[in-house]
Every structure is written in structure tokens, then in C-alpha cells.
file my_file_17.txt (compact mmCIF, C-alpha atoms)
# COMPACT_ATOMS: atom_id res chain seq x y z
CA SER A 275 85.90 -66.13 118.73
CA LEU A 276 88.25 -68.26 116.67
CA ARG A 277 90.44 -65.27 115.80
CA PHE A 278 90.76 -64.25 119.45
CA LEU A 279 91.89 -67.76 120.41
CA HIS A 280 94.37 -67.78 117.55
CA ILE A 281 95.83 -64.46 118.73
CA CYS A 282 96.16 -65.77 122.28
CA VAL A 283 98.09 -68.80 121.05
CA CYS A 284 100.43 -66.61 118.99
CA VAL A 285 101.13 -64.21 121.85
CA CYS A 286 101.44 -66.69 124.73
CA VAL A 287 103.08 -69.68 123.08
CA CYS A 288 105.82 -69.96 120.47
CA ARG A 289 104.57 -72.11 117.62
CA VAL A 290 105.49 -72.74 114.03
CA VAL A 291 103.22 -70.93 111.59
CA SER A 292 103.24 -71.80 107.92
CA MET A 293 103.50 -68.61 105.86
CA CYS A 294 103.17 -68.02 102.14
CA VAL A 295 106.34 -66.51 100.67
CA ARG A 296 105.42 -63.59 98.43
CA ALA A 297 108.85 -62.49 97.26
CA SER A 298 112.41 -63.70 96.93
CA VAL A 299 114.44 -63.93 100.14
CA ARG A 300 117.26 -61.45 100.67
CA PHE A 301 119.36 -60.08 103.51
CA ILE A 302 119.35 -56.93 105.61
CA GLY A 303 122.42 -57.08 107.81
CA ILE A 304 122.27 -60.65 109.10
CA LEU A 305 118.47 -60.85 109.11
CA THR A 306 116.84 -63.02 106.48
CA THR A 307 113.76 -61.22 105.20
CA THR A 308 110.91 -61.93 102.83
CA GLY A 309 108.48 -59.60 101.09
CA VAL A 310 104.97 -58.64 102.15
CA ARG A 311 101.95 -59.74 100.11
CA ARG A 312 100.27 -57.13 97.91
CA ILE A 313 96.59 -56.42 97.29
CA GLN A 314 95.21 -54.35 94.42
CA ALA A 315 92.26 -52.40 95.82
CA GLY A 316 91.15 -50.83 92.55
CA GLY A 317 87.58 -51.86 91.79
CA LEU A 318 87.09 -53.69 95.08
CA SER A 319 84.26 -52.80 97.44
CA GLY A 320 85.12 -52.06 101.05
CA GLU A 321 83.80 -55.46 102.11
CA ALA A 322 85.73 -57.30 99.38
CA LEU A 323 88.95 -55.55 100.40
CA ARG A 324 88.34 -56.34 104.07
CA LEU A 325 87.90 -60.03 103.24
CA GLN A 326 91.16 -60.05 101.28
CA LEU A 327 92.99 -58.40 104.18
CA LEU A 328 91.68 -61.04 106.61
CA GLU A 329 92.21 -63.96 104.24
CA GLU A 330 95.65 -64.41 105.74
CA ASP A 331 96.69 -63.19 109.18
CA THR A 332 99.72 -61.47 107.65
CA PRO A 333 100.61 -57.88 106.69
CA ALA A 334 99.78 -56.59 103.21
CA ILE A 335 100.62 -53.61 101.03
CA VAL A 336 97.37 -52.20 99.63
CA GLU A 337 97.70 -50.38 96.31
CA GLY A 338 95.14 -48.38 94.38
CA MET A 339 93.03 -47.20 97.31
CA ASN A 340 91.18 -43.93 96.89
CA VAL A 341 92.55 -42.00 99.86
CA GLY A 342 91.47 -38.64 98.44
CA PRO A 343 93.35 -35.58 97.14
CA CYS A 344 95.69 -35.53 100.16
CA THR A 345 98.35 -37.43 98.18
CA GLN A 346 98.69 -34.38 95.95
CA LEU A 347 97.77 -31.52 98.28
CA TRP A 348 99.98 -32.57 101.18
CA LYS A 349 103.07 -32.56 98.95
CA ALA A 350 103.25 -28.80 99.43
CA ASP A 351 104.57 -27.45 102.72
CA GLU A 352 102.55 -24.31 102.06
CA TYR A 353 99.28 -26.27 102.06
CA LEU A 354 100.04 -28.00 105.37
CA ILE A 355 101.14 -24.75 106.99
CA GLU A 356 98.18 -22.76 105.66
CA ARG A 357 95.70 -25.36 106.89
CA ALA A 358 97.21 -26.22 110.28
CA GLY A 359 100.35 -24.15 110.82
CA GLU A 360 99.25 -22.39 114.03
CA THR A 361 98.23 -25.59 115.82
CA ARG A 362 100.43 -26.31 118.85
CA VAL A 363 101.85 -29.83 118.91
CA SER A 364 104.00 -31.92 121.26
CA VAL A 365 106.95 -33.31 119.31
CA GLN A 366 109.52 -35.95 120.25
CA VAL A 367 113.03 -34.59 119.70
CA CYS A 368 116.04 -36.89 119.45
CA GLU A 369 119.71 -36.39 118.61
CA GLU A 370 119.81 -39.89 117.14
CA ALA A 371 117.78 -41.24 114.22
CA GLU A 372 116.83 -44.33 116.24
CA MET A 373 114.27 -43.38 118.88
CA ASP A 374 114.53 -45.71 121.86
CA PHE A 375 111.25 -45.95 123.77
CA VAL A 376 112.79 -48.30 126.35
CA GLN A 377 115.75 -46.07 127.32
CA LYS A 378 113.90 -42.83 126.39
CA ASN A 379 116.69 -41.14 124.41
CA PHE A 380 114.39 -38.27 123.41
CA HIS A 381 112.49 -35.39 124.98
CA PHE A 382 109.22 -33.62 124.18
CA LYS A 383 109.01 -30.07 122.89
CA MET A 384 105.98 -27.89 122.17
CA MET A 385 106.00 -26.04 118.83
CA ASN A 386 103.71 -24.82 116.09
CA PHE A 387 102.82 -27.34 113.41
CA SER A 388 104.43 -25.00 110.87
CA ASP A 389 107.76 -25.23 112.72
CA LEU A 390 107.44 -29.02 112.88
CA VAL A 391 107.06 -29.18 109.09
CA LYS A 392 109.94 -26.78 108.44
CA CYS A 393 112.36 -28.34 110.96
CA ALA A 394 111.57 -31.95 110.09
CA ARG A 395 112.08 -31.16 106.42
CA ALA A 396 115.45 -29.52 107.18
CA THR A 397 116.92 -32.23 109.42
CA LYS A 398 118.80 -34.12 106.70
CA ASP A 399 120.74 -31.13 105.44
CA SER A 400 121.08 -28.92 108.53
CA HIS A 401 122.07 -31.51 111.16
CA GLN A 402 119.12 -30.56 113.33
CA PRO A 403 117.68 -33.11 115.77
CA TYR A 404 115.28 -35.74 114.47
CA LEU A 405 111.61 -34.99 115.02
CA TYR A 406 108.69 -37.35 115.39
CA PHE A 407 105.06 -36.35 115.89
CA ARG A 408 102.06 -38.54 116.63
CA SER A 409 98.76 -36.73 117.06
CA SER A 410 96.77 -37.15 120.27
CA PRO A 411 94.14 -35.04 122.04
CA PRO A 412 95.63 -32.41 124.40
CA ASN A 413 94.18 -34.06 127.50
CA ARG A 414 94.65 -37.64 126.23
CA THR A 415 91.22 -38.66 127.47
CA SER A 416 90.12 -40.00 124.09
CA PRO A 417 91.82 -41.61 121.06
CA ALA A 418 93.21 -39.43 118.27
CA ASN A 419 90.66 -38.36 115.66
CA LEU A 420 91.84 -36.73 112.44
CA TRP A 421 88.45 -35.11 111.73
CA ASN A 422 88.10 -33.60 115.20
CA GLN A 423 91.69 -32.45 115.68
CA TRP A 424 92.76 -31.64 112.12
CA PRO A 425 89.52 -30.73 110.28
CA ALA A 426 91.24 -28.55 107.68
CA LEU A 427 93.49 -31.45 106.64
CA ALA A 428 90.92 -34.21 107.10
CA THR A 429 88.71 -32.84 104.31
CA SER A 430 91.24 -34.14 101.77
CA PHE A 431 91.59 -37.65 103.30
CA ASN A 432 89.05 -40.39 102.63
CA MET A 433 88.20 -42.74 105.49
CA PRO A 434 88.70 -46.32 104.21
CA SER A 435 85.43 -48.17 103.67
CA CYS A 436 87.00 -51.56 104.48
CA ILE A 437 86.88 -50.90 108.23
CA PRO A 438 83.95 -52.74 109.88
CA ASN A 439 81.05 -50.52 110.95
CA GLY A 440 81.33 -49.41 114.56
CA ARG A 441 84.85 -50.80 114.98
CA ALA A 442 86.95 -47.72 114.13
CA PHE A 443 89.12 -46.72 117.10
CA SER A 444 91.43 -43.87 116.10
CA SER A 445 92.85 -41.92 113.16
CA VAL A 446 96.37 -40.64 113.81
CA LEU A 447 98.37 -38.00 111.95
CA ARG A 448 102.11 -38.77 111.88
CA VAL A 449 104.95 -36.48 110.77
CA CYS A 450 108.67 -37.25 111.07
CA SER A 451 112.12 -36.42 109.81
CA GLN A 452 113.92 -38.37 107.11
CA ASP A 453 115.82 -41.43 108.48
CA CYS A 454 113.85 -41.42 111.74
CA VAL A 455 113.45 -44.99 113.07
CA LEU A 456 110.45 -45.84 115.23
CA PHE A 457 111.04 -48.65 117.75
CA THR A 458 109.90 -52.25 117.24
CA HIS A 459 106.54 -52.76 118.96
CA TYR A 460 103.11 -54.32 118.58
CA ASP A 461 99.58 -52.98 118.86
CA THR A 462 96.53 -54.90 120.05
CA MET A 463 94.32 -53.62 117.23
CA ASP A 464 94.42 -53.94 113.45
CA ASN A 465 95.53 -50.87 111.55
CA LEU A 466 96.17 -49.41 108.13
CA LEU A 467 99.16 -47.09 107.76
CA PHE A 468 98.44 -44.71 104.88
CA GLN A 469 101.58 -43.15 103.46
CA ILE A 470 100.63 -39.71 102.14
CA ARG A 471 104.02 -38.10 101.60
CA GLY A 472 107.48 -39.64 101.44
CA ARG A 473 108.31 -43.33 101.75
CA LYS A 474 108.75 -45.67 104.71
CA HIS A 475 110.70 -48.89 105.06
CA VAL A 476 109.02 -51.34 107.43
CA ILE A 477 110.31 -54.55 109.01
CA LEU A 478 107.69 -56.82 110.57
CA PHE A 479 107.76 -59.99 112.67
CA SER A 480 105.04 -62.54 113.33
CA PRO A 481 103.57 -62.83 116.84
CA ALA A 482 105.18 -66.29 116.91
CA ASP A 483 108.60 -64.56 117.02
CA TYR A 484 107.93 -62.99 120.43
CA PRO A 485 110.62 -65.16 122.15
CA TYR A 486 113.34 -63.80 119.84
CA LEU A 487 112.68 -60.05 120.05
CA TYR A 488 113.93 -59.22 123.57
CA MET A 489 110.64 -57.68 124.60
CA LYS A 490 110.14 -55.27 127.48
CA GLY A 491 106.41 -54.69 127.80
CA ASP A 492 105.09 -54.06 124.29
CA LYS A 493 108.45 -52.81 122.99
CA SER A 494 111.55 -54.62 121.74
CA GLN A 495 114.94 -53.71 123.17
CA VAL A 496 116.39 -54.03 119.64
CA ARG A 497 116.26 -50.44 118.47
CA ASN A 498 116.84 -51.12 114.79
CA PRO A 499 116.71 -54.68 113.40
CA ARG A 500 118.38 -53.43 110.20
CA VAL A 501 121.62 -52.91 112.14
CA TYR A 502 122.07 -54.70 115.43
CA ASP A 503 124.75 -56.44 117.49
CA ALA A 504 124.35 -60.19 117.18
CA ASN A 505 126.42 -60.68 120.33
CA TRP A 506 123.84 -58.74 122.33
CA TYR A 507 120.79 -60.15 120.57
CA PRO A 508 121.71 -63.62 119.23
CA LEU A 509 118.12 -64.92 119.27
CA LEU A 510 117.00 -62.32 116.73
CA ARG A 511 118.53 -64.40 113.95
CA GLN A 512 115.86 -67.04 114.59
CA ALA A 513 113.05 -64.59 113.80
CA LYS A 514 111.50 -64.48 110.33
CA ALA A 515 111.45 -60.87 109.21
CA TYR A 516 109.11 -59.43 106.60
CA GLU A 517 109.91 -56.16 104.87
CA CYS A 518 108.35 -53.64 102.52
CA VAL A 519 108.57 -50.04 101.35
CA ILE A 520 105.34 -48.04 101.53
CA GLU A 521 105.10 -45.59 98.63
CA PRO A 522 102.95 -42.44 98.72
CA GLY A 523 99.30 -43.32 98.09
CA CYS A 524 99.71 -46.88 99.36
CA ALA A 525 98.79 -48.36 102.73
CA LEU A 526 100.26 -51.11 104.90
CA TYR A 527 97.85 -53.42 106.70
CA ILE A 528 99.33 -54.44 110.07
CA PRO A 529 97.30 -57.10 111.92
CA ALA A 530 97.05 -56.96 115.69
CA PHE A 531 100.11 -58.32 117.54
CA TRP A 532 102.42 -58.14 114.52
CA PHE A 533 105.69 -56.46 115.52
CA HIS A 534 106.78 -53.61 113.29
CA ASN A 535 109.74 -51.24 113.03
CA VAL A 536 109.40 -48.21 110.76
CA GLN A 537 112.08 -46.05 109.15
CA ALA A 538 111.25 -42.91 107.16
CA LEU A 539 113.21 -42.88 103.91
CA ASP A 540 112.11 -39.29 103.28
CA PHE A 541 110.39 -36.50 105.18
CA SER A 542 107.18 -38.31 105.99
CA VAL A 543 103.50 -37.51 106.49
CA ALA A 544 101.13 -40.41 107.15
CA VAL A 545 97.78 -41.32 108.67
CA ASN A 546 97.17 -44.42 110.81
CA VAL A 547 93.64 -45.78 111.13
CA PHE A 548 93.14 -48.31 113.94
CA TRP A 549 90.10 -50.53 114.46
CA LYS A 550 89.01 -53.26 116.83
CA PRO A 551 88.95 -56.75 115.27
CA LEU A 552 87.28 -58.14 118.41
CA GLU A 553 84.25 -57.13 120.46
CA ASN A 554 84.54 -54.09 122.75
CA GLU A 555 84.54 -56.24 125.89
CA PHE A 556 88.07 -57.45 125.13
CA TYR A 557 89.60 -53.95 125.12
CA ASP A 558 90.68 -51.68 127.95
CA LYS A 559 88.41 -48.62 128.09
CA LYS A 560 91.39 -46.53 129.16
CA ASP A 561 93.36 -47.41 126.02
CA MET A 562 94.07 -44.22 124.07
CA PHE A 563 96.65 -45.61 121.63
CA GLY A 564 95.48 -49.08 120.61
CA ASN A 565 98.31 -50.88 122.41
CA ARG A 566 97.04 -51.80 125.89
CA GLU A 567 96.91 -55.52 126.58
CA LEU A 568 93.56 -57.24 126.12
CA ILE A 569 91.38 -57.51 129.22
CA PRO A 570 91.63 -61.35 129.47
CA TRP A 571 95.42 -61.06 129.58
CA GLN A 572 95.30 -58.29 132.19
CA ARG A 573 92.99 -60.35 134.39
CA SER A 574 95.26 -63.38 134.14
CA GLN A 575 98.32 -61.53 135.47
CA GLU A 576 97.45 -61.87 139.16
CA GLY A 577 96.96 -65.63 138.85
CA ILE A 578 100.14 -66.07 136.82
CA SER A 579 102.18 -64.07 139.34
CA ARG A 580 100.80 -66.14 142.20
CA ILE A 581 101.63 -69.45 140.46
CA LEU A 582 105.14 -68.32 139.59
CA GLY A 583 105.68 -67.08 143.15
CA VAL A 584 104.75 -70.47 144.60
CA ILE A 585 106.85 -72.49 142.14
CA SER A 586 109.88 -70.19 142.52
CA ARG A 587 110.25 -71.28 146.18
CA LEU A 588 111.12 -74.84 145.10
CA PRO A 589 114.68 -76.17 144.71
CA LYS A 590 116.18 -75.75 141.24
CA ASN A 591 115.47 -79.26 139.91
CA ALA A 592 111.83 -79.22 141.09
CA ARG A 593 111.35 -75.60 139.97
CA GLU A 594 112.53 -76.35 136.44
CA PHE A 595 110.51 -79.58 136.28
CA TYR A 596 107.24 -77.88 137.23
CA GLY A 597 108.09 -74.90 135.06
CA ARG A 598 108.32 -77.15 131.99
CA LYS A 599 105.15 -78.96 133.03
CA LEU A 600 103.33 -75.64 133.37
CA MET A 601 104.48 -74.44 129.94
CA LEU A 602 103.33 -77.68 128.34
CA MET A 603 99.94 -77.46 130.08
CA ILE A 604 99.40 -73.92 128.77
CA LYS A 605 100.52 -74.87 125.26
CA ASN A 606 98.31 -77.94 125.09
CA LYS A 607 95.30 -76.14 126.53
CA LEU A 608 95.49 -73.30 124.01
CA PHE A 609 96.02 -75.69 121.11
CA ASP A 610 93.09 -77.83 122.25
CA LEU A 611 90.83 -74.78 122.35
CA ASP A 612 92.02 -73.72 118.90
CA LYS A 613 91.36 -77.16 117.39
CA SER A 614 87.94 -77.51 119.03
CA GLU A 615 86.69 -74.53 117.06
call {"tool": "encode", "arguments": {"input": "my_file_17.txt", "output": "C-alpha cells"}}
result
Amino acid sequence: SLRFLHICVCVCVCRVVSMCVRASVRFIGILTTTGVRRIQAGGLSGEALRLQLLEEDTPAIVEGMNVGPCTQLWKADEYLIERAGETRVSVQVCEEAEMDFVQKNFHFKMMNFSDLVKCARATKDSHQPYLYFRSSPPNRTSPANLWNQWPALATSFNMPSCIPNGRAFSSVLRVCSQDCVLFTHYDTMDNLLFQIRGRKHVILFSPADYPYLYMKGDKSQVRNPRVYDANWYPLLRQAKAYECVIEPGCALYIPAFWFHNVQALDFSVAVNVFWKPLENEFYDKKDMFGNRELIPWQRSQEGISRILGVISRLPKNAREFYGRKLMLMIKNKLFDLDKSE
């Protein structure tokens, strides 16, 4: 499909993408940032909202969605604890606010959901460790499902009607301490992050900024782009950062392959809903989190490794010459495919 080819170009090749500036430019640290577009969902059908989301391949804050009574009910700790307090959960515990999924500066701890709520709420004032919870089935053999795993809470959350029929992948409950920073990463599926309680500050980067983000797998080595050492990560200044604050009752649309870094400004409760923008054949059946590389990319790895192994045996001048030639061939081929559509 045209969208699949566009995604491949963005991920594999650095190219200039013309973006529409939705807000005045300002600075966070030494990063230049611009605002995220906004969509008013009030009065829109699910299909009309979906078309607005896809109109531009950029993130969007969605306001006025009917997400159900959860925005009021989940404000009370007592409600959360009464409905799900005895459920055992695996929580990431970290002494630092910035959780590093490359260096793994955290550990997992089993606790009751009631203790998660109480401890995460108390972190700011009591100097307890920072807590982050992402729901997943106990055996991790299927994607997270809010209605199967958290039925007593799910009754107050409305599944968004803008998600294409048959494409929903997972619905994830997230709870974390105030100030907790979740690493910069990308997912291979579209998703809506519904902020139910508290606020989150999000920094996003286009797929075209891949070369500047010091990636290791699907994760950036830059823990927190709000505060970073420019001597260690000088290329980051070349990236175009987008930013927004998600208020309770609003949702953030994050297209596949857009990098995002999330900081909780308050004790936070949220629900992520992921869906597949492409046909099932492109996705790894073993993917439980919506972040495994697409099957065409996985299948290409053996051929790419073989080519690089052969070229790497050449002397420096020949190696660099054929390396540049190879990069240009890939770039031109992907652009040609894109234009032919």
C-alpha cells in the first residue's frame, strides 16, 4: 500500500518532510520544538475522526472525545482500589525519574494494584522510588486487553469508534508516579494514548529524524530529550521536536514509527489503544506489545548482513565508495516506488 511504502522510506532513509507548523516555536533546553496539531472530536463520527487523524501523518491531540465516566470515577483512589485493588501486578521500580530501557536502571516488583496506586501517589512527597506499570497478560502470550484483564475498570471506559473494524490490537492500562520519564522509542502500530487522570508532557520526533536519535534497536540512548548533554549527543540538535501536554479526558494520536518520550506531570492513569494500520501479513504474530519490526524488514536483515559483510572486506576507499553507492541505490529505489504510486 502507499502508506506502507511511505513508512519504509521514513524508517530506512533520511529525507526532508514538509510539516505544517501548528504553534509558535519555543525552546526546551537546546531543542527547538513546535506544537502538535489539535482535532476537536465533538460531533464527529468515528469514521470522520479517523479520516482527520490520517489526513496528515503527524501526531494530534484529540479533544472532546467521549471516553466514558472514567475521567470522573478514576479520580478517586478509593474507586480504583475497590474495583481492582487485589489484582497482582508487575511494576517497574526505579530510583531515578528517568527510566532507561537501554541500561536497565530499574527492577521489577510484584505488588497489589492497591499498593501501586498508594505508593505511586506518594512518591513525590515521601522520596519513594518511582513506579511505572504497563498492563500485560500474566503469561504474555497475547496482547493486553483492558476488558479481559481489568473488567471492573473497563466498564467505565469507552472504546474509541475511530479504530478500523478488525484492526484493534491491544488496550493497555498504564499507571505511574509523578515526574516519571518513559524512554524515547517508537512503535510499529498506530495508537491513541487516552489520559484519564493527571497530565503528561510528550516530546515526539518524526521517523525522518532516526539518524539523530542515537537509536539502539527501537529505543533511543537519549534518556530525556528535555535535558541532555549536547557533547554526548550533538546530532540531536538537528532533530525537529514536537511537544504537547495531554490533559485529562484528551487523547494523543501517535502514528506508527513516530518517536515519543513521555513524562508524567502528575500521578498518572492512562489507557493506550493500539491498532494495525496495515494488513495482518505485515506484522509479527509473536508481537505482544505493538513494537516488533514489520515482517518485510525482518526478512531483509539476512540479505543486508550478507551484503555488508562482503563490502566490509574491501579496502577503506573502495568500502566507502560502494557504501555510498549502496545507500544511494536504496534511497532512489524507495523514492521511485513511492512516486510510482
call {"tool": "atom_distance", "arguments": {"input": "my_file_17.txt", "atom1": "atom CA of A:Asn422", "atom2": "atom CA of A:Phe541"}}
result
24.6 Å
call {"tool": "closest_residue", "arguments": {"input": "my_file_17.txt", "among": "A:Asn498, A:Ser410, A:Ser480, A:Thr332", "to": "A:Leu456", "atoms": "all atoms listed in the file"}}
result
A:Asn498
call {"tool": "atom_distance", "arguments": {"input": "my_file_17.txt", "atom1": "atom CA of A:Pro570", "atom2": "atom CA of A:Phe531"}}
result
14.9 Å
call {"tool": "closest_residue", "arguments": {"input": "my_file_17.txt", "among": "A:Gly491, A:Asp503, A:Phe468, A:Leu568", "to": "A:Thr345", "atoms": "only C-alpha atoms"}}
result
A:Phe468
call {"tool": "atom_distance", "arguments": {"input": "my_file_17.txt", "atom1": "atom CA of A:Gly440", "atom2": "atom CA of A:Gly317"}}
result
23.7 Å
call {"tool": "residues_around", "arguments": {"input": "my_file_17.txt", "residues": "A:Ile569", "least_positions_apart": "6", "cutoff": "9 Å", "atoms": "all atoms listed in the file", "output": "MDAnalysis selection string"}}
result
chainID A and resid 555:558
call {"tool": "residues_around", "arguments": {"input": "my_file_17.txt", "residues": "stretch 542-553 of chain A", "least_positions_apart": "2", "cutoff": "7 Å", "atoms": "only C-alpha atoms", "output": "PyMOL selection string"}}
result
chain A and resi 441-452+463-473+538+540+555-556
call {"tool": "residues_around", "arguments": {"input": "my_file_17.txt", "residues": "A:Ala334", "least_positions_apart": "3", "cutoff": "10 Å", "atoms": "only C-alpha atoms", "output": "compact mmCIF listing (two decimals) with C-alpha atoms, in the frame of the given file"}}
result
# COMPACT_ATOMS: atom_id res chain seq x y z
CA GLY A 309 108.48 -59.60 101.09
CA VAL A 310 104.97 -58.64 102.15
CA ARG A 311 101.95 -59.74 100.11
CA ARG A 312 100.27 -57.13 97.91
CA ILE A 313 96.59 -56.42 97.29
CA GLN A 326 91.16 -60.05 101.28
CA LEU A 327 92.99 -58.40 104.18
CA LEU A 328 91.68 -61.04 106.61
CA GLU A 330 95.65 -64.41 105.74
CA ASP A 331 96.69 -63.19 109.18
CA GLU A 337 97.70 -50.38 96.31
CA LEU A 466 96.17 -49.41 108.13
CA CYS A 518 108.35 -53.64 102.52
CA ALA A 525 98.79 -48.36 102.73
CA LEU A 526 100.26 -51.11 104.90
CA TYR A 527 97.85 -53.42 106.70
CA ILE A 528 99.33 -54.44 110.07
CA PRO A 529 97.30 -57.10 111.92
call {"tool": "closest_atom_pairs", "arguments": {"input": "my_file_17.txt", "of": "stretch 474-588 of chain A", "to": "stretch 366-379 of chain A", "cutoff": "9 Å", "atoms": "all atoms listed in the file", "output": "Markdown table"}}
result
| residue | atom | partner | partner_atom | distance |
| --- | --- | --- | --- | --- |
| A:Lys490 | CA | A:Val376 | CA | 7.5 |
| A:Lys493 | CA | A:Val376 | CA | 7.1 |
| A:Ser494 | CA | A:Val376 | CA | 7.9 |
| A:Gln495 | CA | A:Val376 | CA | 6.6 |
| A:Val496 | CA | A:Asp374 | CA | 8.8 |
| A:Arg497 | CA | A:Asp374 | CA | 6.1 |
| A:Asn498 | CA | A:Glu372 | CA | 6.9 |
| A:Gln537 | CA | A:Glu372 | CA | 8.7 |
